[in-house]
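See below for structure_3.tsv, which holds TSV, C-alpha atoms.
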```tsv
chain	number	residue	atom	x	y	z
N	1	VAL	CA	-21.74	18.26	-12.57
N	2	THR	CA	-21.52	16.79	-9.10
N	3	ARG	CA	-18.71	17.79	-6.76
N	4	VAL	CA	-17.25	15.19	-4.41
N	5	ALA	CA	-14.74	15.82	-1.61
N	6	LEU	CA	-12.02	13.20	-1.23
N	7	ASP	CA	-10.19	12.61	2.05
N	8	ALA	CA	-6.82	12.62	0.34
N	9	MET	CA	-4.84	11.62	3.45
N	10	GLY	CA	-6.73	8.43	4.34
N	11	GLY	CA	-5.77	5.02	3.02
N	12	ASP	CA	-2.95	2.59	3.53
N	13	HIS	CA	-0.64	4.06	0.90
N	14	GLY	CA	-1.01	7.78	1.58
N	15	ALA	CA	-2.01	10.48	-0.85
N	16	PRO	CA	-0.48	9.33	-4.22
N	17	PRO	CA	-3.06	6.64	-5.22
N	18	LEU	CA	-5.88	8.81	-3.92
N	19	VAL	CA	-4.80	11.79	-5.99
N	20	ALA	CA	-4.35	9.55	-9.02
N	21	GLY	CA	-7.90	8.25	-8.48
N	22	ALA	CA	-9.21	11.80	-8.24
N	23	LEU	CA	-7.59	12.65	-11.57
N	24	LEU	CA	-9.19	9.56	-13.14
N	25	ALA	CA	-12.62	10.49	-11.77
N	26	SER	CA	-12.20	14.03	-13.10
N	27	GLN	CA	-12.20	12.51	-16.58
N	28	LYS	CA	-15.61	10.96	-15.80
N	29	ASP	CA	-17.53	14.17	-15.16
N	30	VAL	CA	-16.94	14.21	-11.41
N	31	GLU	CA	-15.56	17.43	-9.95
N	32	VAL	CA	-13.25	16.60	-7.05
N	33	THR	CA	-12.14	18.59	-4.02
N	34	LEU	CA	-9.01	17.09	-2.47
N	35	VAL	CA	-8.86	17.48	1.31
N	36	GLY	CA	-5.58	17.21	3.16
N	37	ASP	CA	-2.07	18.64	3.40
N	38	ALA	CA	-2.35	21.30	0.70
N	39	SER	CA	1.38	21.65	0.05
N	40	GLN	CA	1.77	17.88	-0.45
N	41	LEU	CA	-1.34	17.69	-2.64
N	42	ARG	CA	-0.23	20.60	-4.83
N	43	VAL	CA	3.03	18.76	-5.56
N	44	LEU	CA	1.14	15.57	-6.45
N	45	VAL	CA	-1.25	17.25	-8.89
N	46	ALA	CA	1.29	19.67	-10.37
N	47	GLY	CA	0.82	19.98	-14.11
N	48	ARG	CA	-1.97	17.37	-14.18
N	49	ALA	CA	-4.88	19.05	-12.42
N	50	PRO	CA	-8.00	19.88	-14.41
N	51	ALA	CA	-9.49	23.33	-13.84
N	52	SER	CA	-12.33	21.79	-11.81
N	53	LEU	CA	-10.00	20.24	-9.19
N	54	ASP	CA	-9.97	22.06	-5.83
N	55	ILE	CA	-7.74	21.58	-2.82
N	56	VAL	CA	-8.90	22.34	0.74
N	57	HIS	CA	-6.26	22.24	3.46
N	58	ALA	CA	-6.63	20.05	6.54
N	59	SER	CA	-3.81	20.05	9.08
N	60	GLN	CA	-4.54	16.74	10.83
N	61	VAL	CA	-4.82	13.07	9.87
N	62	ILE	CA	-6.50	10.18	11.70
N	63	ALA	CA	-4.40	7.04	11.53
N	64	MET	CA	-5.88	3.57	10.99
N	65	ASP	CA	-4.83	2.44	14.47
N	66	GLU	CA	-6.42	5.31	16.43
N	67	GLU	CA	-9.62	4.74	18.42
N	68	PRO	CA	-11.97	6.32	15.88
N	69	ALA	CA	-14.58	8.04	18.04
N	70	PHE	CA	-12.07	9.72	20.35
N	71	ALA	CA	-9.76	10.57	17.43
N	72	VAL	CA	-12.50	12.37	15.49
N	73	ARG	CA	-13.34	14.40	18.59
N	74	ALA	CA	-9.69	15.20	19.31
N	75	LYS	CA	-8.82	16.16	15.72
N	76	PRO	CA	-11.44	18.61	14.38
N	77	ASP	CA	-9.13	19.60	11.51
N	78	ALA	CA	-8.51	16.02	10.39
N	79	SER	CA	-8.91	15.45	6.66
N	80	VAL	CA	-11.95	13.21	7.14
N	81	ALA	CA	-13.60	15.71	9.50
N	82	THR	CA	-12.92	18.55	7.06
N	83	MET	CA	-14.40	16.49	4.25
N	84	ILE	CA	-17.58	16.06	6.30
N	85	ARG	CA	-17.63	19.78	7.17
N	86	LEU	CA	-17.56	20.66	3.46
N	87	LEU	CA	-20.50	18.31	2.95
N	88	ARG	CA	-22.42	19.80	5.86
N	89	GLU	CA	-21.82	23.31	4.52
N	90	GLU	CA	-23.01	22.12	1.08
N	91	ALA	CA	-19.72	23.12	-0.53
N	92	VAL	CA	-19.73	19.61	-2.02
N	93	ASP	CA	-22.45	17.07	-2.83
N	94	ALA	CA	-20.76	13.96	-1.40
N	95	GLY	CA	-17.61	12.72	0.33
N	96	VAL	CA	-15.27	9.75	-0.06
N	97	SER	CA	-12.66	8.37	2.32
N	98	ALA	CA	-10.33	5.38	2.11
N	99	GLY	CA	-9.18	6.01	5.66
N	100	SER	CA	-10.37	4.43	8.90
N	101	THR	CA	-13.94	3.22	8.36
N	102	GLY	CA	-14.75	3.81	12.02
N	103	ALA	CA	-13.47	7.38	11.83
N	104	THR	CA	-15.45	8.04	8.65
N	105	LEU	CA	-18.62	6.63	10.23
N	106	THR	CA	-18.02	8.70	13.38
N	107	ALA	CA	-17.29	11.91	11.49
N	108	ALA	CA	-20.37	11.40	9.32
N	109	LEU	CA	-22.63	10.73	12.30
N	110	LEU	CA	-21.35	13.62	14.40
N	111	GLY	CA	-21.01	16.04	11.51
N	112	LEU	CA	-24.15	15.29	9.51
N	113	GLY	CA	-26.52	13.79	12.06
N	114	ARG	CA	-28.54	10.63	11.84
N	115	ILE	CA	-31.79	9.88	10.10
N	116	PRO	CA	-34.52	9.92	12.78
N	117	GLY	CA	-35.20	6.56	14.35
N	118	VAL	CA	-31.90	5.01	13.27
N	119	ARG	CA	-29.97	3.71	16.26
N	120	ARG	CA	-26.68	3.21	14.44
N	121	PRO	CA	-25.61	4.10	10.90
N	122	ALA	CA	-23.95	1.33	8.90
N	123	ILE	CA	-21.89	0.60	5.81
N	124	ALA	CA	-23.86	-0.64	2.78
N	125	GLY	CA	-21.56	-2.53	0.46
N	126	VAL	CA	-22.38	-3.55	-3.09
N	127	LEU	CA	-21.33	-7.18	-3.58
N	128	PRO	CA	-19.97	-8.46	-6.92
N	129	VAL	CA	-22.89	-10.90	-7.28
N	130	ARG	CA	-26.33	-10.53	-8.83
N	131	GLY	CA	-29.29	-10.75	-6.50
N	132	HIS	CA	-32.89	-11.89	-6.79
N	133	SER	CA	-33.86	-8.92	-8.96
N	134	GLY	CA	-30.77	-9.14	-11.16
N	135	SER	CA	-29.21	-6.10	-9.53
N	136	GLU	CA	-26.07	-6.39	-7.41
N	137	VAL	CA	-26.62	-7.53	-3.82
N	138	ILE	CA	-26.47	-4.89	-1.05
N	139	LEU	CA	-24.77	-5.98	2.19
N	140	VAL	CA	-25.47	-4.15	5.45
N	141	ASP	CA	-23.30	-3.90	7.54
N	142	ALA	CA	-20.09	-4.30	5.57
N	143	GLY	CA	-17.89	-3.40	8.52
N	144	GLY	CA	-19.01	-0.28	10.39
N	145	SER	CA	-20.24	-1.76	13.68
N	146	PRO	CA	-18.98	-5.19	14.81
N	147	ASP	CA	-21.03	-5.30	18.02
N	148	ILE	CA	-24.71	-4.49	17.67
N	149	GLN	CA	-28.09	-5.03	19.24
N	150	PRO	CA	-30.76	-6.96	17.28
N	151	ARG	CA	-32.89	-3.92	16.50
N	152	ALA	CA	-30.03	-2.51	14.39
N	153	LEU	CA	-30.73	-5.33	11.92
N	154	VAL	CA	-34.21	-3.91	11.34
N	155	ASP	CA	-32.87	-0.38	10.80
N	156	TRP	CA	-30.36	-1.77	8.33
N	157	ALA	CA	-32.91	-3.90	6.50
N	158	ARG	CA	-35.08	-0.82	6.07
N	159	LEU	CA	-32.18	1.39	4.96
N	160	GLY	CA	-30.62	-1.29	2.78
N	161	SER	CA	-33.96	-1.89	1.07
N	162	ALA	CA	-34.35	1.82	0.45
N	163	TYR	CA	-30.88	1.88	-1.10
N	164	ALA	CA	-31.75	-1.11	-3.29
N	165	ARG	CA	-34.94	0.64	-4.40
N	166	ALA	CA	-32.91	3.76	-5.22
N	167	ARG	CA	-30.79	1.49	-7.42
N	168	GLY	CA	-33.86	0.30	-9.30
N	169	VAL	CA	-35.04	-2.77	-7.35
N	170	GLU	CA	-38.81	-2.41	-7.01
N	171	ARG	CA	-39.42	-4.69	-3.99
N	172	PRO	CA	-36.12	-5.91	-2.56
N	173	VAL	CA	-35.87	-9.42	-1.14
N	174	VAL	CA	-34.11	-9.27	2.23
N	175	GLY	CA	-32.30	-12.09	4.03
N	176	LEU	CA	-30.58	-12.41	7.40
N	177	LEU	CA	-27.10	-13.93	7.11
N	178	ASN	CA	-26.85	-17.02	9.30
N	179	VAL	CA	-25.30	-20.46	9.54
N	180	GLY	CA	-28.53	-22.21	8.54
N	181	THR	CA	-32.02	-21.41	7.35
N	182	GLU	CA	-34.03	-22.68	10.33
N	183	ILE	CA	-35.45	-20.05	12.71
N	184	ALA	CA	-33.57	-21.45	15.70
N	185	LYS	CA	-30.17	-21.35	13.98
N	186	GLY	CA	-27.37	-19.00	14.95
N	187	ASN	CA	-26.47	-16.87	17.94
N	188	GLU	CA	-28.73	-14.70	20.09
N	189	LEU	CA	-28.30	-11.74	17.73
N	190	ALA	CA	-29.50	-13.77	14.75
N	191	ARG	CA	-32.38	-15.48	16.59
N	192	THR	CA	-33.75	-12.24	18.05
N	193	GLY	CA	-33.02	-10.36	14.85
N	194	TYR	CA	-35.06	-12.90	12.89
N	195	LEU	CA	-38.13	-12.26	15.03
N	196	LEU	CA	-37.73	-8.47	14.81
N	197	LEU	CA	-37.33	-8.63	11.04
N	198	GLU	CA	-40.49	-10.70	10.76
N	199	GLN	CA	-42.32	-8.06	12.79
N	200	TRP	CA	-40.82	-5.39	10.56
N	201	VAL	CA	-42.32	-6.77	7.36
N	202	THR	CA	-45.64	-7.77	8.90
N	203	GLY	CA	-45.82	-4.34	10.55
N	204	GLY	CA	-46.36	-2.50	7.31
N	205	GLU	CA	-43.30	-2.93	5.12
N	206	GLN	CA	-44.75	-5.74	2.96
N	207	SER	CA	-45.15	-3.50	-0.05
N	208	ALA	CA	-41.64	-2.11	0.28
N	209	ALA	CA	-39.64	-5.28	0.88
N	210	GLU	CA	-39.90	-9.03	1.38
N	211	PHE	CA	-38.12	-10.82	4.24
N	212	VAL	CA	-37.21	-14.41	3.35
N	213	GLY	CA	-35.64	-15.34	6.68
N	214	ASN	CA	-32.22	-16.80	7.32
N	215	ILE	CA	-29.84	-17.31	4.43
N	216	GLU	CA	-26.40	-18.87	4.21
N	217	PRO	CA	-23.47	-17.37	2.28
N	218	GLY	CA	-24.16	-19.78	-0.58
N	219	HIS	CA	-27.65	-18.34	-0.96
N	220	VAL	CA	-26.14	-14.87	-1.30
N	221	LEU	CA	-23.86	-16.09	-4.08
N	222	ALA	CA	-26.79	-17.88	-5.75
N	223	GLY	CA	-28.80	-14.66	-5.97
N	224	ALA	CA	-31.52	-15.55	-3.47
N	225	VAL	CA	-31.78	-12.00	-2.08
N	226	ASP	CA	-31.25	-8.37	-3.02
N	227	VAL	CA	-30.27	-7.22	0.48
N	228	VAL	CA	-28.42	-9.19	3.13
N	229	VAL	CA	-28.19	-7.92	6.71
N	230	THR	CA	-25.74	-8.94	9.40
N	231	ASP	CA	-23.44	-7.40	12.01
N	232	GLY	CA	-20.37	-5.51	10.81
N	233	PHE	CA	-17.94	-8.19	11.98
N	234	THR	CA	-19.59	-10.98	10.01
N	235	GLY	CA	-20.30	-8.68	7.08
N	236	ASN	CA	-16.70	-7.59	6.79
N	237	ILE	CA	-15.54	-11.22	6.71
N	238	LEU	CA	-18.02	-11.89	3.90
N	239	VAL	CA	-16.76	-8.85	1.97
N	240	LYS	CA	-13.13	-9.85	2.36
N	241	SER	CA	-13.86	-13.45	1.40
N	242	LEU	CA	-15.58	-12.29	-1.79
N	243	GLU	CA	-12.79	-9.83	-2.54
N	244	ALA	CA	-10.27	-12.65	-2.32
N	245	ALA	CA	-12.40	-14.97	-4.44
N	246	TYR	CA	-13.27	-12.42	-7.12
N	247	THR	CA	-9.94	-10.61	-7.49
N	248	GLY	CA	-9.26	-10.05	-11.18
N	249	ARG	CA	-12.69	-11.37	-12.19
N	250	VAL	CA	-14.71	-8.21	-11.64
N	251	GLY	CA	-14.05	-4.48	-11.87
N	252	PRO	CA	-12.87	-2.34	-8.97
N	253	PRO	CA	-15.17	-2.34	-5.91
N	254	PRO	CA	-17.45	0.66	-6.22
N	255	GLY	CA	-17.11	1.82	-2.63
N	256	ALA	CA	-19.61	1.34	0.17
N	257	LEU	CA	-22.23	3.87	1.27
N	258	VAL	CA	-22.63	5.10	4.84
N	259	ILE	CA	-26.36	4.76	5.43
N	260	GLY	CA	-28.41	6.28	8.23
N	261	VAL	CA	-26.76	9.73	8.13
N	262	ARG	CA	-27.94	12.93	6.48
N	263	GLY	CA	-25.54	13.12	3.59
N	264	THR	CA	-23.75	11.05	0.97
N	265	VAL	CA	-20.53	9.52	2.27
N	266	VAL	CA	-18.75	6.61	0.61
N	267	VAL	CA	-15.91	4.54	2.05
N	268	ALA	CA	-13.30	2.98	-0.20
N	269	HIS	CA	-10.96	0.12	0.66
N	270	GLY	CA	-7.93	1.22	2.67
N	271	ALA	CA	-5.62	-0.34	0.10
N	272	ALA	CA	-7.56	1.16	-2.81
N	273	GLY	CA	-5.62	1.91	-5.96
N	274	PRO	CA	-6.45	4.75	-8.37
N	275	GLU	CA	-9.18	2.82	-10.21
N	276	GLU	CA	-10.94	1.86	-6.97
N	277	VAL	CA	-10.73	5.45	-5.71
N	278	ALA	CA	-12.16	6.72	-8.99
N	279	ALA	CA	-14.96	4.11	-8.79
N	280	ALA	CA	-15.81	5.24	-5.25
N	281	LEU	CA	-15.91	8.88	-6.37
N	282	VAL	CA	-18.25	7.96	-9.24
N	283	THR	CA	-20.46	5.97	-6.82
N	284	ALA	CA	-20.64	8.95	-4.45
N	285	ALA	CA	-21.58	11.29	-7.29
N	286	ASP	CA	-24.20	8.83	-8.53
N	287	VAL	CA	-25.81	8.40	-5.09
N	288	ALA	CA	-25.80	12.17	-4.54
N	289	ASP	CA	-27.43	12.69	-7.94
N	290	ARG	CA	-30.19	10.21	-7.04
N	291	GLY	CA	-30.91	12.22	-3.90
N	292	PHE	CA	-31.18	9.02	-1.88
N	293	GLN	CA	-29.58	10.33	1.28
N	294	HIS	CA	-31.43	13.63	1.15
N	295	THR	CA	-34.76	11.85	1.38
N	296	GLY	CA	-33.54	10.17	4.51
N	297	GLY	CA	-33.40	6.83	2.78
N	298	GLN	CA	-37.05	6.35	3.62
N	299	PRO	CA	-39.32	4.29	1.38
X	4	MET	CA	-17.04	43.74	32.95
X	5	THR	CA	-14.71	40.82	32.27
X	6	MET	CA	-16.57	37.58	31.65
X	7	ARG	CA	-15.23	34.28	32.90
X	8	PRO	CA	-14.13	32.05	30.01
X	9	GLY	CA	-16.96	29.72	29.15
X	10	ALA	CA	-19.39	31.22	31.66
X	11	PRO	CA	-22.65	33.00	30.73
X	12	ALA	CA	-22.63	36.81	30.55
X	13	ALA	CA	-25.57	37.01	32.93
X	14	GLY	CA	-23.55	35.36	35.70
X	15	GLY	CA	-25.03	32.86	38.15
X	16	GLY	CA	-23.82	29.45	39.15
X	17	PRO	CA	-23.32	26.52	36.84
X	18	PRO	CA	-26.04	23.88	36.44
X	19	THR	CA	-26.28	21.61	39.46
X	20	ARG	CA	-25.22	17.97	39.44
X	21	GLU	CA	-28.91	17.01	39.25
X	22	GLU	CA	-29.44	19.25	36.23
X	23	VAL	CA	-26.38	17.76	34.52
X	24	GLN	CA	-27.65	14.27	35.32
X	25	ALA	CA	-31.01	15.11	33.70
X	26	LEU	CA	-29.22	16.39	30.60
X	27	VAL	CA	-27.03	13.30	30.38
X	28	VAL	CA	-30.00	10.92	30.76
X	29	ALA	CA	-32.04	12.83	28.17
X	30	GLN	CA	-29.23	12.70	25.62
X	31	LEU	CA	-28.46	9.05	26.32
X	32	ALA	CA	-32.12	8.23	25.78
X	33	ALA	CA	-32.15	10.16	22.50
X	34	VAL	CA	-28.98	8.55	21.13
X	35	LEU	CA	-29.64	5.01	22.34
X	36	LEU	CA	-33.39	5.16	21.59
X	37	LEU	CA	-34.19	4.03	25.13
X	38	PRO	CA	-36.88	5.21	27.56
X	39	PRO	CA	-35.24	7.61	30.07
X	40	GLN	CA	-36.61	5.60	33.00
X	41	ARG	CA	-34.34	2.72	31.99
X	42	ILE	CA	-31.29	4.91	32.59
X	43	SER	CA	-29.93	5.64	36.06
X	44	ALA	CA	-26.69	6.91	37.55
X	45	GLY	CA	-25.62	3.35	38.22
X	46	SER	CA	-26.26	2.12	34.68
X	47	HIS	CA	-23.12	0.69	33.10
X	48	LEU	CA	-22.69	2.22	29.64
X	49	ALA	CA	-21.56	-0.96	27.91
X	50	ALA	CA	-23.07	-3.78	29.96
X	51	ASP	CA	-26.48	-2.23	30.71
X	52	LEU	CA	-27.06	0.25	27.89
X	53	HIS	CA	-24.97	-1.35	25.12
X	54	ALA	CA	-23.32	2.01	24.46
X	55	ASP	CA	-19.88	2.13	22.83
X	56	SER	CA	-17.30	4.89	22.40
X	57	LEU	CA	-19.13	6.40	19.44
X	58	ASP	CA	-22.34	6.62	21.47
X	59	LEU	CA	-20.44	8.19	24.37
X	60	VAL	CA	-18.82	10.84	22.16
X	61	GLU	CA	-22.18	11.66	20.56
X	62	VAL	CA	-23.86	11.97	23.96
X	63	VAL	CA	-21.08	14.17	25.37
X	64	GLU	CA	-21.18	16.47	22.34
X	65	ARG	CA	-24.96	16.77	22.68
X	66	VAL	CA	-24.61	17.58	26.38
X	67	GLU	CA	-21.92	20.17	25.59
X	68	ARG	CA	-24.23	21.79	23.02
X	69	ALA	CA	-27.12	21.85	25.50
X	70	LEU	CA	-24.88	23.49	28.10
X	71	ALA	CA	-23.64	26.01	25.50
X	72	GLU	CA	-27.27	26.96	24.83
X	73	ARG	CA	-27.44	27.88	28.52
X	74	GLY	CA	-24.29	29.96	28.14
X	75	TRP	CA	-21.80	27.43	29.52
X	76	ASN	CA	-19.12	26.60	26.97
X	77	VAL	CA	-17.34	23.52	28.24
X	78	ARG	CA	-15.28	20.84	26.56
X	79	VAL	CA	-14.66	17.52	28.22
X	80	PRO	CA	-11.12	16.22	27.56
X	81	GLU	CA	-10.91	13.02	25.50
X	82	ALA	CA	-8.72	11.45	28.18
X	83	ALA	CA	-11.62	11.71	30.62
X	84	LEU	CA	-14.06	9.99	28.26
X	85	ALA	CA	-11.92	6.87	28.08
X	86	SER	CA	-12.20	6.39	31.85
X	87	TRP	CA	-15.99	6.67	32.07
X	88	HIS	CA	-17.92	3.44	32.48
X	89	THR	CA	-21.23	4.44	34.07
X	90	VAL	CA	-23.86	7.14	33.61
X	91	GLY	CA	-22.75	8.52	36.96
X	92	ASP	CA	-19.20	8.86	35.60
X	93	VAL	CA	-20.51	10.96	32.71
X	94	THR	CA	-22.49	13.18	35.08
X	95	GLU	CA	-19.68	13.62	37.60
X	96	GLY	CA	-17.05	14.20	34.93
X	97	THR	CA	-19.12	16.78	33.08
X	98	HIS	CA	-20.10	18.52	36.30
X	99	ALA	CA	-16.44	18.66	37.36
X	100	VAL	CA	-15.50	20.41	34.09
X	101	LEU	CA	-18.39	22.84	34.63
X	102	ARG	CA	-17.16	23.65	38.14
X	103	GLU	CA	-13.66	24.31	36.81
X	104	VAL	CA	-15.07	26.72	34.27
X	105	ALA	CA	-17.19	28.46	36.89
X	106	GLN	CA	-14.22	28.84	39.25
X	107	ALA	CA	-11.80	30.05	36.58
X	108	PRO	CA	-10.56	33.62	37.32
```

For the file at hand, write its structure as structure tokens.
Amino acid sequence: VTRVALDAMGGDHGAPPLVAGALLASQKDVEVTLVGDASQLRVLVAGRAPASLDIVHASQVIAMDEEPAFAVRAKPDASVATMIRLLREEAVDAGVSAGSTGATLTAALLGLGRIPGVRRPAIAGVLPVRGHSGSEVILVDAGGSPDIQPRALVDWARLGSAYARARGVERPVVGLLNVGTEIAKGNELARTGYLLLEQWVTGGEQSAAEFVGNIEPGHVLAGAVDVVVTDGFTGNILVKSLEAAYTGRVGPPPGALVIGVRGTVVVAHGAAGPEEVAAALVTAADVADRGFQHTGGQP
Amino acid sequence: MTMRPGAPAAGGGPPTREEVQALVVAQLAAVLLLPPQRISAGSHLAADLHADSLDLVEVVERVERALAERGWNVRVPEAALASWHTVGDVTEGTHAVLREVAQAP
């Protein structure tokens, strides 16, 4: 059985929906360690906790409105930092947070370290649409880094493709999200990124992935690709647009994976309810079981 | 013998400004995946190197670890980080904290 630590203090609605999600996940063969204010968490689980449920105390919390990098450094006993410490010490197999995405990304990077050659880790979201292979489309970056340099798109295409392969896609089809399909379309990031991505596939990745160039949002919805790469600002808008469009039509979002770091960390929506939290915990356990992050996400 | 807080047991002065600068440049190059020769004291972290607050925190923590390996346990205050805009700021700020540690009774 896989053990997953849950940052039980993150999220827009405090600990109650997170604890409820942990209890749901415990019924699905996931052992959960709640991380946060132990006295508050004990009250919330009183009389309902399975024997496998652990609580680890953390005295600090990082709020959604704090500057994430400085906050993680200033609060070493924050719940998200403690969750990452448990992962680093191999007391758990994976971690989940519904708190500040930036703080989770920072804590993961500083606490676990990056995969060699990766300039910036990112958030790989699983979109509620089927891609070219029939598997759900992977979006990188779903909101971790709004301002990036073009080479990050290559890192993310490589990591996103590796994640897609770990999910069963043999040779993922990768597209660059843009406002048109022509090479000259888009801003400087997209135009330079296009050229770098072309070099990436012609430089030896042909057997591992296929780059089909620029794609528009409609192509994503039509299943033209398995992996779509873009900056975190654009990616987060796409995620939120799809969330709004698909509400009630699909199951709870399964959580998004932090890729590019040495460990399995999943971020859940800040407003996640118990079912979404449970889905994120199951995703984290599943990714940890596949060993994807421990191989460095390399092809 | 009473050891100064944060200072190495063997004694001796703290790393010089030039040594701190070399550490800072090496760690910036490692984090930003840039050739060290592209980084100078006058380089602006955001405008020239495209480094953000996460990069800065990672670089500072790497520099702190490298200094700790030399026996100098220093911790740069978060408030200082927010005011740093150039590579020179990182060097001067880190060196200032080192001097404080070395001069502590």

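Residue neighbourhood of Val266 (chain N), excluding near-sequence residues (fewer than 4 positions): Gly95, Val96, Ser97, Gly255, Ala256, Leu257, Val258, Ala280 and Ala284 of chain N, at 7 Å, using all atoms listed in the file.
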
Near chain X, which residues of chain N fall within 12 Å when you count all atoms listed in the file, and what do they look like as a ChimeraX atom specification?
-> /N:67-75,102-121,144-152

Counting all atoms listed in the file, which of N:Val1, N:Val227, N:Ala272, N:Ala285 gets nearest to Ala15 (chain N)?
-> N:Ala272

Just the residues within 12 Å of Pro50 (chain N), please, counting all atoms listed in the file, with nothing from its chain fewer than 5 positions along; format it as a list of chain:residue names.
-> N:Ala22, N:Leu23, N:Leu24, N:Ala25, N:Ser26, N:Gln27, N:Lys28, N:Asp29, N:Val30, N:Glu31, N:Val32, N:Thr33, N:Val45, N:Ile55

Axis-aligned box over every listed atom of region 74-92 of chain N, padded by 6 Å per side: centre and edges in Å to one decimal, as JSON?
```
{"center_x": -15.8, "center_y": 18.3, "center_z": 8.6, "size_x": 26.5, "size_y": 22.1, "size_z": 33.3}
```

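Separating CA of Ala94 (chain N) from CA of Leu34 (chain N) is a distance of 12.2 Å.
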
Have a look at N:Gly260, N:Gly186, N:Gly270, N:Gly160 and name the one nearest to Gly125 (chain N); count all atoms listed in the file.
-> N:Gly160

Kindly provide, as a VMD selection string, the polymer residues lying within 7 Å of (-29.5, 3.2, 6.5), counting only C-alpha atoms and using the coordinates exactly as they appear in the file.
-> chain N and resid 121 to 122 155 to 156 158 to 160 259 to 260 297

Distance of CA of Ala38 (chain N) from CA of Ala271 (chain N), expressed in Å to one decimal place = 21.9 Å

Using all atoms listed in the file: which of N:Val212, N:Val225, N:Leu153, N:Ala78 has the shortest distance to Ser133 (chain N) | N:Val225

Å distance separating CA of Arg102 (chain X) from CA of Pro17 (chain X), one decimal place | 6.9 Å

Closest of N:Leu177, N:Ala98, N:Val4, N:Met64 to Pro274 (chain N), counting all atoms listed in the file, is N:Ala98

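Proximity ranking of N:Leu86, N:Ala224, N:Val126, N:Val43 relative to Thr283 (chain N) places N:Val126 first, based on all atoms listed in the file.
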
Using only C-alpha atoms, determine which residues lie at most 10 Å from region 89-99 of chain X, disregarding the query and same-chain residues fewer than 3 positions distant; provide the list as a ChimeraX atom specification.
-> /X:17-28,31,42-52,59,62-63,66-67,77-80,83-84,86,102-105

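Those residues that approach region 241-245 of chain N to within 12 Å, counting all atoms listed in the file, are N:Gly125, N:Val126, N:Leu127, N:Pro128, N:Val129, N:Leu139, N:Ala142, N:Pro217, N:Gly218, N:Val220, N:Leu221, N:Thr234, N:Gly235, N:Asn236, N:Ile237, N:Leu238, N:Gly248, N:Arg249, N:Val250, N:Gly251, N:Pro252, N:Pro253, N:His269; same-chain residues fewer than 3 positions away are not listed.
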